[in-house]
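Source file: coords-v5.csv. Holds: CSV, C-alpha atoms and all ligand atoms.
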chain,number,residue,atom,x,y,z
A,427,MET,CA,95.9,-49.0,-94.3
A,428,ALA,CA,95.6,-48.1,-90.7
A,429,GLY,CA,98.5,-46.5,-88.8
A,430,VAL,CA,101.2,-48.6,-87.2
A,431,THR,CA,103.4,-48.0,-84.2
A,432,ILE,CA,107.0,-47.4,-85.0
A,433,GLU,CA,109.8,-47.9,-82.5
A,434,PRO,CA,113.5,-47.3,-82.7
A,435,GLY,CA,115.0,-50.4,-84.4
A,436,ASP,CA,112.2,-50.7,-86.9
A,437,THR,CA,112.7,-50.5,-90.6
A,438,ILE,CA,110.9,-48.1,-92.9
A,439,GLY,CA,110.9,-48.1,-96.8
A,440,ILE,CA,111.9,-45.2,-99.0
A,441,LEU,CA,111.1,-45.1,-102.8
A,442,GLY,CA,113.9,-43.5,-104.7
A,443,SER,CA,117.6,-43.5,-104.3
A,444,GLY,CA,118.7,-39.9,-104.8
A,445,GLN,CA,120.3,-37.4,-102.4
A,446,LEU,CA,117.0,-36.7,-100.7
A,447,GLY,CA,116.6,-40.4,-99.9
A,448,ARG,CA,120.2,-40.5,-98.7
A,449,MET,CA,119.7,-37.6,-96.3
A,450,LEU,CA,116.4,-39.1,-95.0
A,451,ALA,CA,118.1,-42.4,-94.3
A,452,MET,CA,120.9,-40.6,-92.5
A,453,ALA,CA,118.5,-38.7,-90.3
A,454,ALA,CA,116.5,-41.9,-89.7
A,455,ALA,CA,119.6,-43.7,-88.6
A,456,ARG,CA,120.4,-41.0,-86.0
A,457,LEU,CA,117.0,-41.8,-84.5
A,458,GLY,CA,117.6,-45.6,-84.5
A,459,ILE,CA,115.4,-46.3,-87.6
A,460,ARG,CA,116.6,-48.5,-90.4
A,461,CYS,CA,115.8,-47.7,-94.0
A,462,HIS,CA,115.3,-50.0,-96.9
A,463,ILE,CA,115.6,-48.2,-100.3
A,464,PHE,CA,113.6,-49.4,-103.3
A,465,CYS,CA,114.6,-48.0,-106.7
A,466,PRO,CA,115.2,-49.3,-110.2
A,467,ASP,CA,118.7,-47.6,-110.2
A,468,SER,CA,121.3,-47.5,-107.5
A,469,GLY,CA,122.0,-44.0,-106.3
A,470,PRO,CA,123.4,-42.0,-103.3
A,471,ALA,CA,120.8,-43.4,-100.9
A,472,PHE,CA,122.0,-47.0,-101.5
A,473,ASP,CA,125.3,-46.2,-99.8
A,474,VAL,CA,123.8,-45.3,-96.4
A,475,ALA,CA,120.8,-47.6,-96.0
A,476,ALA,CA,120.4,-50.9,-94.1
A,477,GLY,CA,118.6,-52.6,-97.0
A,478,GLN,CA,118.2,-52.1,-100.8
A,479,THR,CA,116.0,-53.5,-103.5
A,480,ARG,CA,116.9,-52.7,-107.1
A,481,ALA,CA,113.7,-53.4,-109.1
A,482,ALA,CA,111.2,-51.7,-111.4
A,483,TYR,CA,108.3,-49.8,-109.9
A,484,ASP,CA,105.9,-52.1,-111.6
A,485,ASP,CA,107.6,-55.3,-110.3
A,486,ASP,CA,104.8,-56.5,-108.0
A,487,GLU,CA,106.7,-59.4,-106.7
A,488,ALA,CA,109.6,-57.1,-105.6
A,489,LEU,CA,107.1,-54.6,-104.2
A,490,ALA,CA,105.4,-57.2,-102.1
A,491,ALA,CA,108.7,-58.5,-100.7
A,492,PHE,CA,109.7,-54.9,-100.0
A,493,ALA,CA,106.4,-54.2,-98.2
A,494,ALA,CA,106.8,-57.4,-96.1
A,495,ARG,CA,110.2,-56.0,-94.8
A,496,VAL,CA,109.1,-52.5,-93.8
A,497,LYS,CA,106.6,-51.0,-91.4
A,498,LEU,CA,105.7,-48.1,-93.6
A,499,VAL,CA,106.7,-46.6,-97.0
A,500,THR,CA,107.6,-43.0,-97.8
A,501,TYR,CA,109.2,-41.5,-100.9
A,502,GLU,CA,111.7,-38.9,-102.0
A,503,PHE,CA,110.3,-37.9,-105.3
A,504,GLU,CA,106.8,-37.1,-106.5
A,505,ASN,CA,106.7,-39.2,-109.7
A,506,VAL,CA,106.1,-42.4,-107.9
A,507,PRO,CA,103.7,-44.3,-110.3
A,508,SER,CA,100.2,-44.4,-108.9
A,509,HIS,CA,100.1,-48.2,-109.3
A,510,THR,CA,103.2,-48.5,-107.1
A,511,ALA,CA,101.8,-46.3,-104.4
A,512,GLU,CA,98.4,-48.0,-104.4
A,513,PHE,CA,99.9,-51.6,-104.5
A,514,LEU,CA,102.0,-50.7,-101.5
A,515,ALA,CA,99.2,-48.9,-99.6
A,516,GLN,CA,97.2,-52.2,-99.6
A,517,ARG,CA,100.0,-53.7,-97.5
A,518,VAL,CA,101.6,-51.0,-95.4
A,519,PRO,CA,100.9,-47.3,-94.7
A,520,VAL,CA,102.2,-45.1,-97.5
A,521,LEU,CA,103.0,-41.6,-96.2
A,522,PRO,CA,102.4,-39.0,-97.5
A,523,ASN,CA,99.1,-40.6,-98.6
A,524,PRO,CA,98.7,-41.7,-102.3
A,525,ARG,CA,96.0,-39.0,-102.8
A,526,ALA,CA,98.4,-36.3,-101.9
A,527,LEU,CA,100.8,-37.8,-104.4
A,528,ALA,CA,98.2,-38.0,-107.1
A,529,ILE,CA,97.2,-34.4,-106.7
A,530,THR,CA,100.7,-33.0,-106.6
A,531,GLN,CA,102.2,-35.0,-109.4
A,532,ASP,CA,99.8,-33.4,-112.0
A,533,ARG,CA,100.0,-29.7,-112.5
A,534,LEU,CA,96.4,-29.4,-113.6
A,535,THR,CA,94.9,-31.2,-110.6
A,536,GLU,CA,97.3,-29.4,-108.3
A,537,LYS,CA,96.2,-26.0,-109.5
A,538,ARG,CA,92.5,-26.8,-109.4
A,539,PHE,CA,93.0,-28.2,-105.9
A,540,LEU,CA,94.7,-24.9,-104.8
A,541,ASN,CA,92.1,-22.7,-106.4
A,542,ASP,CA,89.3,-24.7,-104.8
A,543,LEU,CA,91.0,-23.9,-101.4
A,544,GLY,CA,90.9,-20.2,-102.4
A,545,ILE,CA,94.7,-20.1,-102.8
A,546,PRO,CA,95.9,-18.0,-105.8
A,547,THR,CA,98.0,-19.5,-108.6
A,548,ALA,CA,99.1,-18.2,-112.0
A,549,PRO,CA,96.1,-18.1,-114.4
A,550,PHE,CA,96.1,-21.5,-116.3
A,551,LEU,CA,94.2,-23.4,-119.0
A,552,ASP,CA,94.1,-27.1,-119.8
A,553,VAL,CA,95.8,-28.0,-123.1
A,554,VAL,CA,95.3,-31.4,-124.8
A,555,ASP,CA,96.5,-30.7,-128.4
A,556,ALA,CA,98.1,-28.1,-130.6
A,557,ALA,CA,94.7,-26.5,-131.6
A,558,GLY,CA,93.8,-26.3,-127.9
A,559,LEU,CA,97.2,-24.5,-127.3
A,560,ALA,CA,96.3,-21.9,-130.0
A,561,ARG,CA,93.0,-21.3,-128.3
A,562,ALA,CA,94.7,-21.0,-124.8
A,563,VAL,CA,97.3,-18.6,-126.1
A,564,ALA,CA,94.6,-16.5,-127.6
A,565,GLN,CA,93.0,-16.3,-124.2
A,566,LEU,CA,96.1,-15.9,-121.9
A,567,GLY,CA,98.3,-13.9,-124.3
A,568,ARG,CA,102.0,-13.9,-124.8
A,569,PRO,CA,104.4,-14.4,-123.2
A,570,SER,CA,102.9,-17.5,-121.5
A,571,ILE,CA,104.4,-20.8,-120.4
A,572,LEU,CA,103.5,-24.2,-121.6
A,573,LYS,CA,104.1,-26.9,-119.0
A,574,THR,CA,103.5,-30.7,-119.2
A,575,ARG,CA,101.0,-31.8,-116.6
A,576,ARG,CA,103.4,-34.5,-115.4
A,577,PHE,CA,107.1,-35.3,-115.0
A,578,GLY,CA,108.4,-31.7,-115.1
A,579,TYR,CA,111.3,-30.6,-112.8
A,580,ASP,CA,114.2,-28.1,-112.9
A,581,GLY,CA,112.6,-26.4,-115.9
A,582,LYS,CA,112.3,-29.6,-117.9
A,583,GLY,CA,108.9,-30.2,-119.6
A,584,GLN,CA,108.2,-26.5,-120.1
A,585,ALA,CA,108.6,-23.9,-122.8
A,586,MET,CA,108.0,-20.1,-123.1
A,587,ILE,CA,105.5,-19.0,-125.7
A,588,ARG,CA,106.6,-15.7,-127.2
A,589,GLU,CA,105.6,-13.4,-130.0
A,590,GLY,CA,106.2,-15.4,-133.2
A,591,SER,CA,106.6,-18.8,-131.5
A,592,ASP,CA,105.4,-21.8,-133.6
A,593,LEU,CA,102.8,-23.2,-131.3
A,594,ALA,CA,102.5,-26.6,-133.0
A,595,ALA,CA,106.3,-27.1,-132.9
A,596,ILE,CA,106.4,-26.1,-129.2
A,597,PHE,CA,103.6,-28.5,-128.3
A,598,GLN,CA,105.5,-31.3,-130.1
A,599,SER,CA,108.8,-30.4,-128.5
A,600,LEU,CA,107.2,-31.2,-125.1
A,601,GLY,CA,106.2,-34.6,-126.4
A,602,GLY,CA,102.7,-33.7,-127.4
A,603,SER,CA,101.6,-34.6,-123.9
A,604,PRO,CA,98.7,-33.2,-121.8
A,605,SER,CA,99.8,-29.8,-120.6
A,606,ILE,CA,98.7,-26.6,-119.1
A,607,LEU,CA,99.3,-23.0,-120.3
A,608,GLU,CA,100.2,-20.6,-117.6
A,609,GLY,CA,100.2,-16.8,-117.6
A,610,VAL,CA,103.5,-15.3,-116.6
A,611,VAL,CA,103.5,-14.0,-113.0
A,612,PRO,CA,105.4,-10.7,-112.7
A,613,PHE,CA,107.1,-11.8,-109.5
A,614,SER,CA,110.0,-10.1,-107.8
A,615,ARG,CA,111.2,-13.0,-105.7
A,616,GLU,CA,110.7,-16.7,-105.3
A,617,LEU,CA,109.9,-18.1,-101.8
A,618,SER,CA,109.2,-21.5,-100.3
A,619,VAL,CA,107.7,-22.8,-97.1
A,620,VAL,CA,109.0,-26.2,-95.9
A,621,ALA,CA,106.7,-27.6,-93.2
A,622,ALA,CA,105.6,-30.8,-91.5
A,623,ARG,CA,102.3,-32.2,-90.4
A,624,GLY,CA,101.9,-35.2,-88.1
A,625,PRO,CA,99.1,-37.8,-88.1
A,626,ASP,CA,97.5,-35.9,-85.1
A,627,GLY,CA,97.3,-32.7,-87.2
A,628,ALA,CA,100.4,-31.1,-85.5
A,629,PHE,CA,101.9,-28.6,-87.8
A,630,GLU,CA,105.4,-26.9,-87.8
A,631,ALA,CA,106.8,-24.7,-90.5
A,632,TYR,CA,110.4,-23.5,-90.9
A,633,ALA,CA,111.2,-19.9,-91.6
A,634,LEU,CA,110.3,-18.7,-95.1
A,635,SER,CA,113.1,-19.3,-97.6
A,636,GLU,CA,114.0,-17.2,-100.6
A,637,ASN,CA,115.3,-19.1,-103.6
A,638,GLN,CA,117.4,-18.0,-106.6
A,639,HIS,CA,117.6,-20.2,-109.6
A,640,GLU,CA,120.2,-20.5,-112.4
A,641,HIS,CA,119.2,-22.2,-115.6
A,642,HIS,CA,115.9,-23.3,-113.8
A,643,ILE,CA,117.9,-25.1,-111.1
A,644,LEU,CA,117.9,-24.0,-107.5
A,645,SER,CA,121.2,-22.2,-106.9
A,646,VAL,CA,121.0,-20.4,-103.5
A,647,THR,CA,118.5,-20.4,-100.7
A,648,THR,CA,118.6,-17.8,-97.9
A,649,ALA,CA,116.5,-17.8,-94.8
A,650,PRO,CA,114.7,-16.1,-93.2
A,651,ALA,CA,113.4,-14.3,-96.3
A,652,GLU,CA,113.1,-10.6,-95.8
A,653,VAL,CA,109.4,-10.0,-96.2
A,654,THR,CA,106.8,-8.3,-94.0
A,655,SER,CA,105.5,-10.4,-91.0
A,656,ALA,CA,102.1,-10.4,-92.7
A,657,THR,CA,103.5,-12.1,-95.8
A,658,ALA,CA,105.5,-14.6,-93.7
A,659,GLU,CA,102.3,-15.5,-91.8
A,660,ALA,CA,100.2,-15.7,-95.0
A,661,ALA,CA,102.8,-18.1,-96.5
A,662,ARG,CA,102.7,-20.3,-93.3
A,663,SER,CA,98.9,-20.3,-93.1
A,664,MET,CA,98.5,-21.2,-96.8
A,665,THR,CA,100.9,-24.1,-96.3
A,666,ALA,CA,98.9,-25.3,-93.2
A,667,LYS,CA,95.7,-25.1,-95.2
A,668,ILE,CA,97.2,-27.2,-98.0
A,669,ALA,CA,98.6,-29.8,-95.6
A,670,GLU,CA,95.3,-30.0,-93.8
A,671,ALA,CA,93.3,-30.4,-97.0
A,672,LEU,CA,95.6,-33.2,-98.2
A,673,ASP,CA,95.4,-34.9,-94.8
A,674,TYR,CA,99.1,-34.8,-95.2
A,675,VAL,CA,101.6,-36.6,-93.0
A,676,GLY,CA,105.3,-35.8,-93.5
A,677,VAL,CA,107.3,-32.8,-94.8
A,678,LEU,CA,106.1,-30.8,-97.8
A,679,ALA,CA,107.3,-27.7,-99.6
A,680,VAL,CA,105.2,-25.0,-101.1
A,681,GLU,CA,106.9,-22.9,-103.8
A,682,MET,CA,105.5,-19.4,-104.1
A,683,PHE,CA,106.0,-16.2,-106.1
A,684,LEU,CA,106.1,-12.9,-104.3
A,685,VAL,CA,104.6,-10.1,-106.3
A,686,GLU,CA,105.5,-6.6,-105.0
A,687,ASP,CA,103.2,-3.9,-106.2
A,688,ALA,CA,103.6,-0.3,-105.1
A,689,GLY,CA,99.8,0.1,-104.6
A,690,LYS,CA,98.9,-3.4,-103.3
A,691,GLY,CA,102.0,-4.3,-101.3
A,692,GLU,CA,103.1,-8.0,-101.2
A,693,THR,CA,101.0,-10.8,-102.7
A,694,LEU,CA,101.7,-14.5,-102.7
A,695,ILE,CA,101.0,-16.8,-105.6
A,696,VAL,CA,101.5,-20.5,-105.2
A,697,ASN,CA,103.6,-22.1,-108.0
A,698,GLU,CA,103.7,-25.7,-106.9
A,699,ILE,CA,103.6,-28.2,-104.0
A,700,ALA,CA,106.4,-30.8,-103.5
A,701,PRO,CA,105.1,-33.7,-101.5
A,702,ARG,CA,108.5,-34.4,-100.0
A,703,VAL,CA,111.6,-32.9,-98.4
A,704,HIS,CA,112.9,-30.2,-100.6
A,705,ASN,CA,116.2,-28.7,-101.8
A,706,SER,CA,115.1,-25.3,-100.4
A,707,GLY,CA,115.0,-26.9,-96.9
A,708,HIS,CA,118.5,-28.3,-97.0
A,709,TRP,CA,119.7,-25.4,-94.8
A,710,THR,CA,117.7,-26.9,-91.9
A,711,THR,CA,120.3,-29.6,-91.3
A,712,ASP,CA,122.9,-27.1,-90.1
A,713,GLY,CA,120.7,-24.0,-89.5
A,714,ALA,CA,117.8,-25.4,-87.4
A,715,VAL,CA,117.3,-27.4,-84.3
A,716,THR,CA,115.5,-30.2,-86.3
A,717,SER,CA,116.4,-30.9,-89.9
A,718,GLN,CA,113.7,-31.3,-92.5
A,719,PHE,CA,114.9,-34.9,-92.9
A,720,GLU,CA,114.5,-35.7,-89.2
A,721,GLN,CA,111.2,-33.9,-89.2
A,722,HIS,CA,109.9,-36.0,-92.0
A,723,ILE,CA,110.9,-39.2,-90.2
A,724,ARG,CA,109.3,-38.0,-86.9
A,725,ALA,CA,106.1,-37.1,-88.7
A,726,ILE,CA,105.7,-40.4,-90.6
A,727,CYS,CA,106.6,-42.4,-87.6
A,728,GLY,CA,103.9,-40.5,-85.6
A,729,TRP,CA,106.6,-39.2,-83.2
A,730,PRO,CA,106.5,-35.6,-81.8
A,731,LEU,CA,107.6,-33.0,-84.3
A,732,GLY,CA,110.8,-31.2,-83.4
A,733,SER,CA,111.6,-27.5,-83.0
A,734,THR,CA,112.1,-25.5,-86.2
A,735,ALA,CA,114.0,-22.7,-84.4
A,736,MET,CA,117.0,-21.4,-86.3
A,737,HIS,CA,120.6,-21.2,-85.1
A,738,GLY,CA,121.0,-17.9,-87.1
A,739,SER,CA,120.4,-16.6,-90.6
A,740,VAL,CA,121.5,-19.0,-93.3
A,741,GLU,CA,122.6,-19.4,-96.9
A,742,MET,CA,122.6,-22.7,-98.7
A,743,ARG,CA,124.4,-22.9,-102.0
A,744,ASN,CA,124.0,-25.9,-104.3
A,745,LEU,CA,127.2,-27.4,-105.7
A,746,ILE,CA,126.1,-28.1,-109.3
A,747,GLY,CA,128.3,-30.0,-111.7
A,748,PRO,CA,131.9,-28.9,-111.6
A,749,ASP,CA,131.2,-26.6,-108.5
A,750,VAL,CA,131.9,-29.7,-106.5
A,751,HIS,CA,135.6,-29.6,-107.3
A,752,ALA,CA,135.9,-26.8,-104.7
A,753,TRP,CA,135.3,-29.3,-101.9
A,754,ARG,CA,138.8,-29.0,-100.5
A,755,GLU,CA,138.6,-25.3,-100.1
A,756,LEU,CA,135.1,-25.6,-98.6
A,757,LEU,CA,136.5,-28.1,-96.0
A,758,VAL,CA,138.9,-25.5,-94.7
A,759,GLU,CA,136.5,-22.5,-94.8
A,760,PRO,CA,135.6,-21.7,-91.2
A,761,GLY,CA,131.8,-22.1,-90.7
A,762,ALA,CA,131.1,-23.7,-94.0
A,763,CYS,CA,129.1,-27.0,-93.6
A,764,LEU,CA,129.8,-29.2,-96.6
A,765,HIS,CA,127.5,-32.0,-97.8
A,766,LEU,CA,128.5,-34.2,-100.7
A,767,TYR,CA,126.2,-36.8,-102.2
A,768,GLY,CA,128.9,-39.3,-103.3
A,769,LYS,CA,128.0,-39.0,-107.0
A,770,HIS,CA,131.0,-39.7,-109.3
A,771,ASP,CA,130.2,-37.9,-112.5
A,772,ALA,CA,130.1,-34.1,-112.0
A,773,ARG,CA,128.0,-33.5,-115.2
A,774,ALA,CA,126.7,-30.0,-115.9
A,775,GLY,CA,123.4,-29.4,-114.2
A,776,ARG,CA,123.8,-32.3,-111.8
A,777,LYS,CA,123.3,-31.6,-108.0
A,778,MET,CA,126.5,-33.0,-106.5
A,779,GLY,CA,126.3,-31.5,-103.0
A,780,HIS,CA,125.6,-28.3,-101.1
A,781,VAL,CA,127.3,-26.0,-98.6
A,782,THR,CA,125.5,-24.2,-95.8
A,783,ARG,CA,126.7,-21.1,-94.0
A,784,VAL,CA,125.0,-20.1,-90.8
A,785,ARG,CA,125.5,-16.6,-89.5
A,786,LYS,CA,124.9,-16.6,-85.7
A,787,PRO,CA,122.9,-13.7,-84.3
B,801,LIG,P1,108.4,-24.9,-112.2
B,801,LIG,O1,108.9,-26.1,-112.9
B,801,LIG,O2,106.9,-24.7,-112.3
B,801,LIG,O3,108.9,-24.8,-110.7
B,801,LIG,O4,109.1,-23.6,-112.9
B,801,LIG,C1,110.4,-23.4,-112.9
B,801,LIG,C2,110.8,-21.9,-112.8
B,801,LIG,O5,110.2,-21.2,-113.9
B,801,LIG,C3,110.2,-21.2,-111.6
B,801,LIG,O6,111.0,-21.4,-110.4
B,801,LIG,C4,110.1,-19.8,-112.1
B,801,LIG,O7,111.3,-19.1,-112.0
B,801,LIG,C5,109.7,-19.9,-113.5
B,801,LIG,N1,108.2,-19.9,-113.7
B,801,LIG,C6,107.4,-21.0,-113.6
B,801,LIG,N2,106.1,-20.7,-113.8
B,801,LIG,C7,106.1,-19.3,-113.9
B,801,LIG,C8,105.0,-18.4,-114.2
B,801,LIG,N3,103.8,-18.8,-114.3
B,801,LIG,N4,105.4,-17.1,-114.3
B,801,LIG,C9,106.7,-16.7,-114.2
B,801,LIG,N5,107.7,-17.5,-114.0
B,801,LIG,C10,107.4,-18.9,-113.9
This structure in structure tokens:
Amino acid sequence: MAGVTIEPGDTIGILGSGQLGRMLAMAAARLGIRCHIFCPDSGPAFDVAAGQTRAAYDDDEALAAFAARVKLVTYEFENVPSHTAEFLAQRVPVLPNPRALAITQDRLTEKRFLNDLGIPTAPFLDVVDAAGLARAVAQLGRPSILKTRRFGYDGKGQAMIREGSDLAAIFQSLGGSPSILEGVVPFSRELSVVAARGPDGAFEAYALSENQHEHHILSVTTAPAEVTSATAEAARSMTAKIAEALDYVGVLAVEMFLVEDAGKGETLIVNEIAPRVHNSGHWTTDGAVTSQFEQHIRAICGWPLGSTAMHGSVEMRNLIGPDVHAWRELLVEPGACLHLYGKHDARAGRKMGHVTRVRKP
């Protein structure tokens, strides 16, 4: 589907109703763009959008009606079913394009894509059954990590294989689904690049972020990450290469491991690509001239990308589960920028909001 011209006052569609969709819709509204959210379940994005459709992703009638109301479609999560993306793409532009979605929603195709570009990943092997897992473990050794090819997030869909692990039981515990086995990367820090590419090939990256996880969920992001300028440049150029090869339009995040070796210095290994705005880019709303959410809207609308310059060094802390109960104290903390997603049930492990602190130079 060829590009369209988007003007302020137009409506765009977003698949998914989580906090990322909410923050995209809020950024779009600031630029005079209306958003229509399509999702099987209501969620935080429904509260802030001009239009909503609550229907299944395989409901072709609802998808066709949605496509008729919007000038283009984007998404806030990578597990959009391929049928949904292709059905919509026959009617309106879907950005980032369905091929980028297909490559990045499958860990095996994603890793092969990266290696074909000459970008290093953890060593990996394709696993289709328990016998194949045994062969892969014999090759990669222990410890190693079994990950389902699809639908993994926040540590779900993965299991560590250790000495003595029962391989058949572990394979079954992940649903017996097609998987990959990864070698363990001896990283010292986890980093990510959040960047945007426009339809004309314009590319803008934010400062490299450093991410700390707790129980596999992002806990704290700081930026700029303290790395050598050569590492920061290598991270940026890998991301540009990925975006170019995907013919990507919109914001993407590339998660990386930093391996620090006394002899070899700093090496980057790519863990995964998120074809969407990303939790490690939330600091950009308060800490950069243009937020990642606005940048995504600008990119998909074919508008000029904004400046990624920072207002200072930043720390973004996720409010997970009961952390959110501190909202009153955070409201009175000088310099703390509080973001709440409007979710009611502060279940353990649930992302309820975040707080950003910007230290001015
Ligand atoms: P993922 O779902 O692939 O993002 O993995 C979740 C987390 O598990 C990462 O943020 C890392 O902390 C850890 N992890 C994943 N893959 C590897 C690996 N190959 N080696 C070491 N740690 C890993």
Proximity to His642 of chain A - best of A:Glu670, A:Glu692, A:Glu686, A:Asp580, only C-alpha atoms: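 Of A:Glu670, A:Glu692, A:Glu686, A:Asp580, the one nearest His642 of chain A is A:Asp580, counting only C-alpha atoms.
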Contacts with ligand LIG 801 (chain B) at most 8 Å, all atoms listed in the file counted, listed as a ChimeraX atom specification: /A:548-549,570-571,573,578-584,608-613,616,639,642-644,681,697-698
Minimum-distance residue to Asp673 of chain A, chosen among A:Asn523, A:Gln478, A:Thr693, A:Gln516 (using all atoms listed in the file): A:Asn523
Please tabulate, as CSV, the residues of segment 595-669 of chain A that come within 12 Å of segment 531-547 of chain A, each with its closest pair of atoms and the distance in Å to one decimal, counting only C-alpha atoms and ordering rows by chain, then residue number upward.
residue,atom,partner,partner_atom,distance
A:Pro604,CA,A:Leu534,CA,9.3
A:Ser605,CA,A:Leu534,CA,7.8
A:Ile606,CA,A:Leu534,CA,6.6
A:Leu607,CA,A:Leu534,CA,9.7
A:Glu608,CA,A:Thr547,CA,9.3
A:Gly609,CA,A:Thr547,CA,9.7
A:Val610,CA,A:Thr547,CA,10.6
A:Val611,CA,A:Thr547,CA,8.9
A:Phe613,CA,A:Thr547,CA,12.0
A:Ala660,CA,A:Ile545,CA,10.5
A:Ala661,CA,A:Ile545,CA,10.5
A:Ser663,CA,A:Ile545,CA,10.6
A:Met664,CA,A:Ile545,CA,7.2
A:Thr665,CA,A:Ile545,CA,9.8
A:Ala666,CA,A:Leu543,CA,11.5
A:Lys667,CA,A:Leu543,CA,7.9
A:Ile668,CA,A:Leu540,CA,7.6
A:Ala669,CA,A:Leu540,CA,11.1
Gly728 of chain A environment, 10 Å, all atoms listed in the file, sequence neighbours closer than 4 positions dropped, as an MDAnalysis selection string: chainID A and resid 429:433 623:626 675:676 722:724
Shortest interatomic distance to Ala633 of chain A - which of A:Ser603, A:Thr734, A:Gln718, A:Ser645, counting all atoms listed in the file: A:Thr734
Residue nearest His509 of chain A - candidates A:Ala595, A:Ala491, A:Ala528, A:Ala475, atoms counted: all atoms listed in the file: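 Ranked by minimum distance to His509 of chain A, first place goes to A:Ala528.
When the distance limit is 10 Å and all atoms listed in the file are what count, the residues near Ser468 of chain A, minus those fewer than 5 positions from it on the same chain, are Gly442, Ser443, Gly444, Ile463, Asp473, Gln478, Thr479, Arg480 and Ala481 of chain A.
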Between atom CA of Thr647 of chain A and atom CA of Leu527 of chain A - distance in Å to one decimal: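 For atom CA of Leu527 of chain A relative to atom CA of Thr647 of chain A, the distance reads 25.1 Å.
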Nearest-residue call for Arg568 of chain A, choices A:Val520, A:Val554, A:Ala476, A:Met586, using all atoms listed in the file: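 Checking each candidate against Arg568 of chain A, we get A:Met586 as the closest.
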Spatial neighbours of Asp712 of chain A, max dist 10 Å, all atoms listed in the file, sep filter under 2 positions, as a VMD selection string: chain A and resid 708 to 710 714 to 717 736 to 738 740 742 762 to 764 781 to 784
Nearest residue to His770 of chain A from the set A:Gly567, A:Gly558, A:Pro519, A:Pro748 (distances using only C-alpha atoms):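 Closest residue, counting only C-alpha atoms: A:Pro748.
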Output file request: segment 455-494 of chain A, with C-alpha atoms, as a compact mmCIF listing (two decimals), in the first residue's frame.
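File result_32.txt, as written:
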# COMPACT_ATOMS: atom_id res chain seq x y z
CA ALA A 455 -2.99 14.39 20.23
CA ARG A 456 -0.39 17.06 20.99
CA LEU A 457 0.36 17.21 17.27
CA GLY A 458 -3.32 17.40 16.31
CA ILE A 459 -3.60 13.74 15.25
CA ARG A 460 -6.52 11.61 16.40
CA CYS A 461 -6.00 7.97 17.30
CA HIS A 462 -8.37 5.05 16.95
CA ILE A 463 -7.38 2.06 19.09
CA PHE A 464 -8.16 -1.51 18.00
CA CYS A 465 -7.79 -4.20 20.65
CA PRO A 466 -9.72 -7.26 21.88
CA ASP A 467 -9.50 -5.94 25.45
CA SER A 468 -9.94 -2.44 26.76
CA GLY A 469 -6.80 -1.00 28.34
CA PRO A 470 -5.00 2.25 29.24
CA ALA A 471 -4.99 3.51 25.63
CA PHE A 472 -8.80 3.42 25.41
CA ASP A 473 -9.02 6.22 28.00
CA VAL A 474 -7.16 8.76 25.87
CA ALA A 475 -8.13 7.98 22.26
CA ALA A 476 -10.71 9.59 19.98
CA GLY A 477 -12.02 6.21 18.78
CA GLN A 478 -11.99 2.61 19.93
CA THR A 479 -12.84 -0.78 18.50
CA ARG A 480 -12.99 -3.75 20.80
CA ALA A 481 -12.80 -6.82 18.57
CA ALA A 482 -10.66 -9.89 17.94
CA TYR A 483 -7.59 -9.59 15.71
CA ASP A 484 -9.12 -12.14 13.32
CA ASP A 485 -12.47 -10.33 13.03
CA ASP A 486 -12.16 -9.27 9.38
CA GLU A 487 -15.37 -7.25 9.41
CA ALA A 488 -14.18 -5.17 12.37
CA LEU A 489 -10.70 -4.83 10.82
CA ALA A 490 -12.18 -3.59 7.52
CA ALA A 491 -14.35 -1.02 9.35
CA PHE A 492 -11.29 0.10 11.35
CA ALA A 493 -9.18 0.43 8.18
CA ALA A 494 -11.92 2.55 6.59
